[in-house]
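Undergrad: Could you have a look at this structure, given as structure tokens, before my questions?
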Amino acid sequence: MTLRITLAGTALALVASPALAQTAWDMPTPYGDSVFHTQNITAFADEIREATDGSLDITVHSAGSLFSHGQIKDSVRRGLAPIGEILMSQLVNENPVFGVDSIPFLAASYDEAEALWEASRDAVSETLEEQGLILLYAVPWPGQSLFLRDEVTVPGQLEGVSFRAYNNATERMAQLLGMIPTQVEAGDIPTAFSTGRVASMITSPSTGVSSQAWDYTSHYIDVQAWLPKNMVFVNASALDALTDEERAAVMAAAEAAEARGWEMSQAETDTQIAALEEAGMTVMQPSDALSARLSEIGEIMAAEWIEDAGETGAAVLEAYHAN
Ligand code: PCA
């Protein structure tokens with residue numbers, strides 16, 4: 001009986017999938033399905049499936065459901081997953097070059113962010129390659145702005161306030177403001193606020209909306225201080241094991257995803273700020289005093305980064321400023 005069912009199942013599978021060989025890839029990603037980065041990745045996977053007639057089938061596991069954000073890079077390096085996405089600056093402890101996009105006001109517009117990416121892409125890509133990882137593409141989040149429970153006009157008002165950080169740079173910035181940082185993953189933001197672990201944060205209007213910031217903060221201060229990127233990368237052996245056609249489909253879809261993602265990000269900036277306002281948040285520009293303090297902090301953090309990043313860092317900044 002069991003045998004007959006198995007044979008019938010096999011025959012059915014052969015009829016249903018005309019492709020001779022099928023490669024199934026699991027793709028762990030850190031952010032939720034409503035986030036534009038995840039939607040862009042879903043479109044990337046769809047394009048590859050279509051271009052290869054289903055012979056390369058990528059299943060996206062969003063919101064850290066397959067591996068947690070902190071595990072994704074090593075999982076792909078070790079071949080436990082063939083492909084994945086992370087916030088690039090998460091790897092800054094491995095190499096400072098991964099954190100160049102998280103220095104306040106170094107590159108705060110899309111044009112500047114693009115120039116910075118052009119200047120740093122090779123260094124990022126080479127550093128990943130040393131670990132058997134191939135960079136496919138990177139897409140920025142909209143500008144990082146403050147979410148607070150009170151209107152803040154004088155920087156001193158931030159002292160002692162607990163703060164949700166998501167990487168080393170946000171933690172450092174909070175320290176320089178006299179705030180008390182705690183690292184919290186994007187998916188855990190609502191709980192961290194509702195249980196009183198944090199009372200403020202700096203993130204994009206996109207993450208503000210996906211985490212329903214209006215439930216636990218009231219003021220959005222539109223500083224748009226930097227545009228941190230997510231990057232998608234693949235295990236080099238997994239990429240090698242594909243057919244030439246499949247590999248070409250991956251590379252073409254990556255290029256398209258990079259272009260589409262930057263456009264989605266830019267379009268989101270205004271629509272998501274409007275959504276925050278619509279949901280009842282007060283949207284305001286920073287006071288001169290707050291802007292001045294944040295600029296100073298940007299200078300301090302840039303100097304610290306340059307010291308850390310040595311020659312590679314100097315070359316990246318030189319290329320950036322030459323643009
Ligand atoms: N959202 C992510 C990273 C940067 C952003 O805008 C987060 O807050 O975790």
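Each chain in the structure tokens gets a letter, A, B and so on, in the order shown; residues start at 1 in every chain, and ligands are counted from 1 in the order they appear.
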Enumerate as a PyMOL selection string the residues within 10 Å of ligand 1, counting only C-alpha atoms and all ligand atoms.

TA: chain A and resi 30-31+35+37+86-90+102+140-145+164-167+170+183-189+201-208+210-211+226-230

Undergrad: Please, which residues of range 115-259 of chain A, numbered as in this document, come out alpha helix (DSSP H) from DSSP, as a PyMOL selection string?

TA: chain A and resi 115-129+168-176+189-194+205-210+236-240+244-259

Undergrad: From a backbone DSSP assignment, name each residue in range 61-222 of chain A labelled strand (DSSP E or B), as a PyMOL selection string.

TA: chain A and resi 61+83-87+133-140+145-148+162-165+180-183+201-203+219-221

Undergrad: If you keep N, CA, C and O atoms, can you produce a file of those selected residues as a tab-separated table (two decimals), in the first residue's frame?

TA:
chain	number	residue	atom	x	y	z
A	61	HIS	N	12.68	33.09	3.21
A	61	HIS	CA	12.26	32.90	4.62
A	61	HIS	C	12.51	34.23	5.33
A	61	HIS	O	13.63	34.52	5.76
A	83	ILE	N	22.08	31.43	0.04
A	83	ILE	CA	21.94	32.86	-0.27
A	83	ILE	C	21.23	33.54	0.89
A	83	ILE	O	20.43	32.90	1.59
A	84	GLY	N	21.52	34.82	1.12
A	84	GLY	CA	20.86	35.50	2.22
A	84	GLY	C	20.97	37.00	2.12
A	84	GLY	O	21.64	37.55	1.23
A	85	GLU	N	20.30	37.68	3.05
A	85	GLU	CA	20.32	39.15	3.13
A	85	GLU	C	20.60	39.55	4.57
A	85	GLU	O	20.10	38.92	5.50
A	86	ILE	N	21.41	40.60	4.73
A	86	ILE	CA	21.60	41.20	6.06
A	86	ILE	C	21.79	42.71	5.92
A	86	ILE	O	22.01	43.22	4.82
A	87	LEU	N	21.73	43.40	7.06
A	87	LEU	CA	22.12	44.81	7.11
A	87	LEU	C	23.65	44.82	7.04
A	87	LEU	O	24.33	44.20	7.86
A	133	LEU	N	32.11	34.39	-0.25
A	133	LEU	CA	30.78	34.96	-0.47
A	133	LEU	C	30.82	35.93	-1.65
A	133	LEU	O	31.76	36.72	-1.77
A	134	ILE	N	29.81	35.86	-2.49
A	134	ILE	CA	29.73	36.78	-3.63
A	134	ILE	C	28.62	37.80	-3.38
A	134	ILE	O	27.47	37.42	-3.14
A	135	LEU	N	28.99	39.07	-3.44
A	135	LEU	CA	28.01	40.15	-3.28
A	135	LEU	C	27.12	40.20	-4.52
A	135	LEU	O	27.62	40.22	-5.64
A	136	LEU	N	25.80	40.23	-4.33
A	136	LEU	CA	24.91	40.36	-5.48
A	136	LEU	C	24.40	41.79	-5.64
A	136	LEU	O	24.50	42.36	-6.71
A	137	TYR	N	23.86	42.36	-4.58
A	137	TYR	CA	23.42	43.76	-4.67
A	137	TYR	C	23.18	44.34	-3.29
A	137	TYR	O	23.13	43.61	-2.30
A	138	ALA	N	23.06	45.66	-3.24
A	138	ALA	CA	22.74	46.33	-1.98
A	138	ALA	C	21.74	47.45	-2.24
A	138	ALA	O	21.76	48.08	-3.30
A	139	VAL	N	20.87	47.67	-1.26
A	139	VAL	CA	19.80	48.68	-1.37
A	139	VAL	C	19.70	49.43	-0.05
A	139	VAL	O	19.69	48.80	1.01
A	140	PRO	N	19.63	50.77	-0.09
A	140	PRO	CA	19.56	51.52	1.17
A	140	PRO	C	18.15	51.60	1.75
A	140	PRO	O	17.16	51.55	1.02
A	145	SER	N	15.96	58.71	11.00
A	145	SER	CA	15.41	59.85	11.74
A	145	SER	C	14.96	59.43	13.14
A	145	SER	O	14.78	58.25	13.41
A	146	LEU	N	14.76	60.43	14.00
A	146	LEU	CA	14.48	60.16	15.42
A	146	LEU	C	12.99	59.94	15.70
A	146	LEU	O	12.14	60.67	15.18
A	147	PHE	N	12.71	58.95	16.52
A	147	PHE	CA	11.36	58.69	17.03
A	147	PHE	C	11.40	58.86	18.54
A	147	PHE	O	12.13	58.13	19.22
A	148	LEU	N	10.62	59.83	19.05
A	148	LEU	CA	10.71	60.20	20.46
A	148	LEU	C	9.33	60.29	21.11
A	148	LEU	O	8.32	60.40	20.41
A	162	SER	N	16.36	56.08	27.33
A	162	SER	CA	16.72	54.77	26.78
A	162	SER	C	16.44	54.74	25.28
A	162	SER	O	15.49	55.37	24.80
A	163	PHE	N	17.28	54.03	24.55
A	163	PHE	CA	17.32	54.17	23.10
A	163	PHE	C	17.50	52.81	22.44
A	163	PHE	O	18.35	52.02	22.84
A	164	ARG	N	16.72	52.52	21.40
A	164	ARG	CA	16.85	51.27	20.66
A	164	ARG	C	17.92	51.43	19.57
A	164	ARG	O	17.79	52.24	18.67
A	165	ALA	N	19.00	50.63	19.65
A	165	ALA	CA	20.06	50.66	18.65
A	165	ALA	C	19.96	49.40	17.79
A	165	ALA	O	19.39	48.40	18.22
A	180	ILE	N	20.89	55.98	26.59
A	180	ILE	CA	21.23	54.63	27.06
A	180	ILE	C	20.77	53.60	26.02
A	180	ILE	O	19.59	53.27	25.93
A	181	PRO	N	21.73	53.11	25.19
A	181	PRO	CA	21.35	52.23	24.08
A	181	PRO	C	21.19	50.75	24.45
A	181	PRO	O	21.90	50.25	25.32
A	182	THR	N	20.27	50.09	23.77
A	182	THR	CA	20.10	48.63	23.85
A	182	THR	C	19.86	48.15	22.43
A	182	THR	O	19.05	48.73	21.71
A	183	GLN	N	20.58	47.09	22.02
A	183	GLN	CA	20.37	46.55	20.67
A	183	GLN	C	19.07	45.74	20.62
A	183	GLN	O	18.86	44.85	21.45
A	201	MET	N	14.19	55.85	19.40
A	201	MET	CA	15.01	55.13	18.42
A	201	MET	C	15.35	56.05	17.26
A	201	MET	O	14.76	57.12	17.09
A	202	ILE	N	16.34	55.60	16.45
A	202	ILE	CA	16.59	56.25	15.17
A	202	ILE	C	16.48	55.15	14.12
A	202	ILE	O	17.08	54.09	14.24
A	203	THR	N	15.62	55.36	13.14
A	203	THR	CA	15.45	54.38	12.07
A	203	THR	C	14.75	55.07	10.91
A	203	THR	O	14.49	56.28	10.94
A	219	HIS	N	6.67	61.72	18.43
A	219	HIS	CA	7.35	62.72	17.60
A	219	HIS	C	8.35	62.07	16.65
A	219	HIS	O	9.20	61.30	17.08
A	220	TYR	N	8.23	62.44	15.39
A	220	TYR	CA	9.19	62.01	14.36
A	220	TYR	C	10.01	63.23	13.99
A	220	TYR	O	9.47	64.23	13.49
A	221	ILE	N	11.32	63.20	14.26
A	221	ILE	CA	12.18	64.34	13.91
A	221	ILE	C	13.01	63.95	12.69
A	221	ILE	O	13.83	63.04	12.72

Undergrad: Go through range 211-250 of chain A and flag each residue having an atom no more than 8 Å from range 42-48 of chain A; for those, report the closest pair of atoms plus their distance in Å to one decimal, using only C-alpha atoms, ordered by chain and rising number, as JSON lines.

TA:
{"residue": "A:Glu246", "atom": "CA", "partner": "A:Ile48", "partner_atom": "CA", "distance": 7.8}
{"residue": "A:Ala249", "atom": "CA", "partner": "A:Ile48", "partner_atom": "CA", "distance": 5.7}
{"residue": "A:Val250", "atom": "CA", "partner": "A:Ile48", "partner_atom": "CA", "distance": 6.1}

Undergrad: I want to know what sits within 9 Å of range 292-302 of chain A, based on only C-alpha atoms, with residues of the same chain fewer than 3 positions away left out; could you give that as a ChimeraX atom specification?

TA: /A:100,103-106,155,169,172-173,176-177,223,225,287-289,305-307

Undergrad: Dump N, CA and C atoms for the selected residues as a compact mmCIF listing (two decimals), in the first residue's frame?

TA:
# COMPACT_ATOMS: atom_id res chain seq x y z
N VAL A 100 30.70 51.94 6.58
CA VAL A 100 30.88 53.29 6.02
C VAL A 100 29.55 53.98 5.72
N ILE A 103 27.69 56.35 9.05
CA ILE A 103 28.30 57.50 9.70
C ILE A 103 27.37 58.70 9.48
N PRO A 104 26.86 59.29 10.58
CA PRO A 104 25.88 60.37 10.41
C PRO A 104 26.38 61.50 9.50
N PHE A 105 25.58 61.83 8.52
CA PHE A 105 25.78 62.96 7.59
C PHE A 105 26.97 62.82 6.63
N LEU A 106 27.62 61.66 6.58
CA LEU A 106 28.65 61.48 5.55
C LEU A 106 27.98 61.40 4.17
N PRO A 155 19.52 69.39 22.72
CA PRO A 155 20.08 68.04 22.78
C PRO A 155 20.14 67.48 24.21
N ALA A 169 27.07 51.69 15.18
CA ALA A 169 27.02 53.13 14.96
C ALA A 169 25.86 53.78 15.72
N ARG A 172 26.88 53.90 19.32
CA ARG A 172 27.88 54.95 19.55
C ARG A 172 27.22 56.34 19.54
N MET A 173 26.33 56.56 18.58
CA MET A 173 25.65 57.84 18.50
C MET A 173 24.85 58.12 19.78
N LEU A 176 27.14 59.14 22.58
CA LEU A 176 27.61 60.51 22.43
C LEU A 176 26.52 61.53 22.77
N LEU A 177 25.26 61.12 22.66
CA LEU A 177 24.15 62.00 23.04
C LEU A 177 23.79 61.86 24.52
N VAL A 223 15.58 63.95 10.67
CA VAL A 223 16.99 64.31 10.47
C VAL A 223 17.61 63.64 9.23
N ALA A 225 19.73 61.21 8.64
CA ALA A 225 21.17 61.39 8.86
C ALA A 225 22.07 60.47 8.03
N SER A 287 15.57 71.09 15.50
CA SER A 287 15.94 72.47 15.87
C SER A 287 17.38 72.71 15.46
N ASP A 288 17.78 73.97 15.36
CA ASP A 288 19.18 74.28 15.01
C ASP A 288 20.15 73.66 16.01
N ALA A 289 19.77 73.71 17.29
CA ALA A 289 20.66 73.18 18.34
C ALA A 289 20.83 71.68 18.19
N TRP A 305 35.91 56.42 12.59
CA TRP A 305 35.86 55.41 11.53
C TRP A 305 37.15 55.43 10.71
N ILE A 306 37.62 56.64 10.38
CA ILE A 306 38.84 56.77 9.57
C ILE A 306 40.03 56.14 10.30
N GLU A 307 40.07 56.35 11.59
CA GLU A 307 41.15 55.78 12.38
C GLU A 307 41.10 54.25 12.33

Undergrad: Write out as a list of chain:residue names the residues lying within 12 Å of Ser65 in chain A, counting only C-alpha atoms and excluding same-chain residues fewer than 3 positions away.

TA: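 Here the answer would be A:Asp26, A:Met27, A:Pro28, A:Thr29, A:Pro30, A:Tyr31, A:Gly32, A:Asp33, A:Thr59, A:Val60, A:His61, A:Ser62, A:Ser68, A:His69, A:Gln71, A:Ile72, A:Gly187.
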
Undergrad: Only N, CA, C and O atoms, please: the residues just picked out, written as a compact mmCIF listing (two decimals), in the first residue's frame.

TA:
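Once written, out24.txt looks like this:
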# COMPACT_ATOMS: atom_id res chain seq x y z
N ASP A 26 16.98 27.93 -0.27
CA ASP A 26 16.31 28.62 0.83
C ASP A 26 17.06 29.91 1.10
O ASP A 26 18.28 29.91 1.19
N MET A 27 16.32 31.01 1.23
CA MET A 27 16.96 32.31 1.40
C MET A 27 16.48 32.97 2.69
O MET A 27 15.38 33.52 2.76
N PRO A 28 17.33 32.94 3.73
CA PRO A 28 16.96 33.62 4.98
C PRO A 28 17.13 35.13 4.86
O PRO A 28 18.14 35.61 4.32
N THR A 29 16.15 35.89 5.34
CA THR A 29 16.23 37.36 5.37
C THR A 29 15.76 37.84 6.75
O THR A 29 14.98 37.14 7.42
N PRO A 30 16.21 39.01 7.18
CA PRO A 30 15.90 39.44 8.55
C PRO A 30 14.58 40.19 8.75
O PRO A 30 14.06 40.21 9.86
N TYR A 31 14.06 40.82 7.71
CA TYR A 31 12.94 41.75 7.91
C TYR A 31 11.62 41.13 7.42
O TYR A 31 11.62 40.18 6.64
N GLY A 32 10.51 41.72 7.87
CA GLY A 32 9.18 41.15 7.61
C GLY A 32 8.69 41.30 6.18
O GLY A 32 9.28 42.03 5.37
N ASP A 33 7.59 40.63 5.87
CA ASP A 33 7.05 40.61 4.51
C ASP A 33 6.54 41.97 4.04
O ASP A 33 6.48 42.22 2.85
N THR A 59 13.15 30.02 -2.25
CA THR A 59 12.11 30.25 -1.26
C THR A 59 12.63 31.26 -0.23
O THR A 59 13.68 31.04 0.38
N VAL A 60 11.93 32.37 -0.10
CA VAL A 60 12.36 33.43 0.83
C VAL A 60 11.79 33.14 2.22
O VAL A 60 10.59 32.92 2.38
N HIS A 61 12.68 33.09 3.21
CA HIS A 61 12.26 32.90 4.62
C HIS A 61 12.51 34.23 5.33
O HIS A 61 13.63 34.52 5.76
N SER A 62 11.46 35.05 5.43
CA SER A 62 11.62 36.42 5.93
C SER A 62 11.61 36.47 7.47
O SER A 62 11.38 35.45 8.14
N SER A 68 18.34 33.57 12.52
CA SER A 68 18.20 34.92 13.06
C SER A 68 19.13 35.85 12.29
O SER A 68 20.10 35.40 11.66
N HIS A 69 18.87 37.14 12.37
CA HIS A 69 19.68 38.11 11.63
C HIS A 69 21.18 37.89 11.90
O HIS A 69 21.99 37.85 10.98
N GLN A 71 22.74 35.30 12.59
CA GLN A 71 23.28 34.01 12.11
C GLN A 71 23.34 33.91 10.59
O GLN A 71 23.97 32.99 10.06
N ILE A 72 22.67 34.83 9.90
CA ILE A 72 22.49 34.64 8.45
C ILE A 72 23.82 34.60 7.69
O ILE A 72 24.06 33.71 6.88
N GLY A 187 12.15 43.38 14.30
CA GLY A 187 10.92 42.66 14.62
C GLY A 187 10.54 42.72 16.10
O GLY A 187 9.40 42.45 16.46

Undergrad: Using CA of Thr217 in chain A and CA of Thr282 in chain A as the two end points, give the distance in Å to one decimal.

TA: 9.6 Å

Undergrad: I want to know what sits within 12 Å of Glu126 in chain A, based on only C-alpha atoms, with residues of the same chain fewer than 3 positions away left out; could you give that as a list in words?

TA: Asn95, Val97, Phe98, Ser120, Arg121, Asp122, Ala123, Glu129, Glu130, Gln131, Gly132, Leu133, Ile134, Leu135 and Thr312 of chain A

Undergrad: Any idea what's packed within 12 Å of Ala248 in chain A, counting only C-alpha atoms, ignoring anything in its chain fewer than 3 positions away? Could you give it as an MDAnalysis selection string?

TA: chainID A and resid 47:48 51:52 56 136 239:240 242:245 251:255

Undergrad: Save out the residues we just selected, N, CA, C and O atoms, as a tab-separated table (two decimals), in the first residue's frame.

TA:
chain	number	residue	atom	x	y	z
A	47	GLU	N	11.71	36.57	-10.57
A	47	GLU	CA	12.36	36.77	-11.87
A	47	GLU	C	13.28	35.61	-12.21
A	47	GLU	O	13.37	35.17	-13.35
A	48	ILE	N	14.00	35.11	-11.20
A	48	ILE	CA	14.92	34.00	-11.43
A	48	ILE	C	14.14	32.73	-11.77
A	48	ILE	O	14.50	31.99	-12.69
A	51	ALA	N	12.94	33.19	-15.36
A	51	ALA	CA	14.01	33.16	-16.36
A	51	ALA	C	14.60	31.76	-16.52
A	51	ALA	O	15.15	31.43	-17.57
A	52	THR	N	14.51	30.94	-15.48
A	52	THR	CA	15.11	29.59	-15.56
A	52	THR	C	14.04	28.52	-15.77
A	52	THR	O	14.32	27.33	-15.59
A	56	LEU	N	15.68	27.01	-11.12
A	56	LEU	CA	16.23	27.54	-9.86
A	56	LEU	C	15.08	28.20	-9.11
A	56	LEU	O	14.53	29.22	-9.54
A	136	LEU	N	25.80	40.23	-4.33
A	136	LEU	CA	24.91	40.36	-5.48
A	136	LEU	C	24.40	41.79	-5.64
A	136	LEU	O	24.50	42.36	-6.71
A	239	LEU	N	26.86	29.15	-6.06
A	239	LEU	CA	26.73	29.87	-7.33
A	239	LEU	C	27.44	29.09	-8.45
A	239	LEU	O	26.94	28.96	-9.56
A	240	ASP	N	28.62	28.55	-8.11
A	240	ASP	CA	29.40	27.75	-9.07
A	240	ASP	C	28.67	26.51	-9.52
A	240	ASP	O	28.84	26.06	-10.65
A	242	LEU	N	25.64	26.09	-10.13
A	242	LEU	CA	24.51	26.33	-11.05
A	242	LEU	C	24.96	26.13	-12.50
A	242	LEU	O	26.15	26.16	-12.80
A	243	THR	N	24.01	25.96	-13.40
A	243	THR	CA	24.33	25.95	-14.83
A	243	THR	C	24.66	27.40	-15.24
A	243	THR	O	24.31	28.35	-14.53
A	244	ASP	N	25.29	27.55	-16.38
A	244	ASP	CA	25.63	28.89	-16.86
A	244	ASP	C	24.37	29.76	-17.00
A	244	ASP	O	24.39	30.94	-16.66
A	245	GLU	N	23.30	29.15	-17.50
A	245	GLU	CA	22.05	29.91	-17.70
A	245	GLU	C	21.49	30.37	-16.36
A	245	GLU	O	21.03	31.50	-16.22
A	251	MET	N	22.51	36.75	-11.85
A	251	MET	CA	23.23	38.02	-11.97
A	251	MET	C	22.34	39.11	-12.58
A	251	MET	O	22.35	40.26	-12.13
A	252	ALA	N	21.54	38.73	-13.58
A	252	ALA	CA	20.65	39.71	-14.22
A	252	ALA	C	19.57	40.17	-13.23
A	252	ALA	O	19.26	41.37	-13.14
A	253	ALA	N	19.02	39.22	-12.49
A	253	ALA	CA	17.96	39.58	-11.51
A	253	ALA	C	18.54	40.44	-10.40
A	253	ALA	O	17.86	41.33	-9.86
A	254	ALA	N	19.80	40.21	-10.04
A	254	ALA	CA	20.44	41.01	-8.98
A	254	ALA	C	20.60	42.46	-9.44
A	254	ALA	O	20.32	43.40	-8.69
A	255	GLU	N	21.02	42.61	-10.67
A	255	GLU	CA	21.20	43.97	-11.20
A	255	GLU	C	19.85	44.71	-11.23
A	255	GLU	O	19.76	45.88	-10.84
